[in-house]
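**Q** The structure is given below, and queries will be raised subsequently.
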Amino acid sequence: MAAKQKKRTVESPPNILTMKPRRMVTWERNEQGLVTLLVPRLTNRKLVKHLLPRLQERNFKIKLDEFGSCVWQQIDDRTTVMQIAGNLKERFGERVEPVYERLGLFVNLLARRKFIVLESAR
């Protein structure tokens, strides 16, 4: 007799539009309202202790454009990606189209680089 096969359940990936992003890096805003992310150069404790005092700059600076800055400023642990997309459409209109594809790519990039964490909406 053949052994019973276990049924495999395939979970579908979460819908990014329903996720709530949370910031993981510090940032600053310039006079024009554009955001610069301040990403630490070193994260290893021993290296931080010995090398960081010798470095001129403690952080990498990543400058965002007007769309990225607008998205970053809306990330607050409460706003879903879909709400951010709606706000982008309202503010920039046709200039931001296709908004869902562009925003999805940008949010995934931020998550892969560990600049944000995506949490499920409850």
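Here's how to read the names in the structure tokens: chain A, B, ... by the order shown, residue numbers from 1 in each chain, ligand numbers from 1 in the order shown.
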What's the 12 Å shell around Phe67 (chain A), counting only C-alpha atoms, without same-chain residues fewer than 2 positions away, as a PyMOL selection string?
**A** chain A and resi 33-35+63-65+69-74+84-85+87-89+91-93+95-97+99+102-103+106-107
**Q** Can you list, as an mmCIF file with C-alpha atoms, in the first residue's frame, every protein, DNA or RNA residue that comes within 7 Å of Thr18 (chain A) when you count only C-alpha atoms, leaving out same-chain residues fewer than 4 positions away?
**A**
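File written: result_38.cif
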```
data_model
loop_
_atom_site.group_PDB
_atom_site.id
_atom_site.type_symbol
_atom_site.label_atom_id
_atom_site.label_comp_id
_atom_site.auth_asym_id
_atom_site.auth_seq_id
_atom_site.Cartn_x
_atom_site.Cartn_y
_atom_site.Cartn_z
ATOM 1 C CA THR A 80 -1.119 51.117 4.545
ATOM 2 C CA VAL A 81 0.689 51.042 1.228
ATOM 3 C CA MET A 82 -2.687 51.391 -0.511
ATOM 4 C CA SER A 120 0.457 43.043 8.293
ATOM 5 C CA ALA A 121 -2.541 45.273 8.847
#
```
**Q** Give me, as a PyMOL selection string, all polymer residues having an atom no more than 6 Å from Leu118 (chain A), counting only C-alpha atoms and skipping those fewer than 3 positions away in the same chain.
**A** chain A and resi 19-21
**Q** Would you export the selected residues with N, CA and C atoms as a tab-separated table (two decimals), in the first residue's frame, please?
**A**
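New file part.tsv:
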```
chain	number	residue	atom	x	y	z
A	19	MET	N	-0.24	46.03	3.60
A	19	MET	CA	0.81	46.06	4.62
A	19	MET	C	1.03	47.48	5.13
A	20	LYS	N	1.52	47.57	6.36
A	20	LYS	CA	1.85	48.85	6.98
A	20	LYS	C	3.36	48.93	7.18
A	21	PRO	N	4.04	49.82	6.44
A	21	PRO	CA	5.49	49.93	6.60
A	21	PRO	C	5.87	50.70	7.87
```
**Q** Tell me which protein, DNA and RNA residues are within 7 Å of region 22-30 of chain A, counting only C-alpha atoms, leaving out same-chain ones fewer than 2 positions away, and put them as a PDB file with C-alpha atoms, in the first residue's frame.
**A**
```pdb
ATOM      1  CA  LYS A  20       1.847  48.853   6.975  1.00  0.00           C
ATOM      2  CA  GLN A  32      12.992  71.789  -0.292  1.00  0.00           C
ATOM      3  CA  GLY A  33      11.202  69.036   1.629  1.00  0.00           C
ATOM      4  CA  LEU A  34      13.328  66.235   0.157  1.00  0.00           C
ATOM      5  CA  VAL A  35      14.332  63.371   2.441  1.00  0.00           C
ATOM      6  CA  THR A  36      17.816  61.991   3.038  1.00  0.00           C
ATOM      7  CA  LEU A  37      18.078  58.566   4.689  1.00  0.00           C
ATOM      8  CA  LEU A  38      20.952  58.163   7.155  1.00  0.00           C
ATOM      9  CA  VAL A  39      22.078  54.541   6.979  1.00  0.00           C
ATOM     10  CA  ILE A  75       5.398  55.845   6.581  1.00  0.00           C
ATOM     11  CA  ASP A  76       4.158  55.895  10.176  1.00  0.00           C
ATOM     12  CA  ASP A  77       3.142  52.350  11.278  1.00  0.00           C
ATOM     13  CA  LYS A 114      16.086  46.871   5.658  1.00  0.00           C
ATOM     14  CA  PHE A 115      15.207  50.578   5.629  1.00  0.00           C
ATOM     15  CA  ILE A 116      11.626  49.604   6.489  1.00  0.00           C
ATOM     16  CA  VAL A 117       9.755  46.604   7.867  1.00  0.00           C
ATOM     17  CA  LEU A 118       6.406  45.595   6.405  1.00  0.00           C
TER      18      LEU A 118
END
```
**Q** Could you check how far CA of Glu90 (chain A) sits from CA of Asn108 (chain A), in Å to one decimal?
**A** 22.0 Å
**Q** At a cut-off of 7 Å, using only C-alpha atoms, what residues contact Arg41 (chain A)? Leave out same-chain residues fewer than 3 positions from it and give the result as an NGL selection string.
**A** :A and (58-60)
**Q** Between A:Gly86, A:Pro98, A:Leu109, A:Pro40, which one has atoms that come closest to Leu17 (chain A), using only C-alpha atoms?
**A**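 Of the candidates, the smallest distance to Leu17 (chain A) is held by A:Gly86.
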**Q** So how far away is CA of Glu66 (chain A) from CA of Arg112 (chain A), in Å?
**A**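 A separation of 21.1 Å between them.
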**Q** In Å, how far is it from CA of Gly104 (chain A) to CA of Asn15 (chain A)?
**A**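 Computing it gives 10.1 Å between the two atoms.
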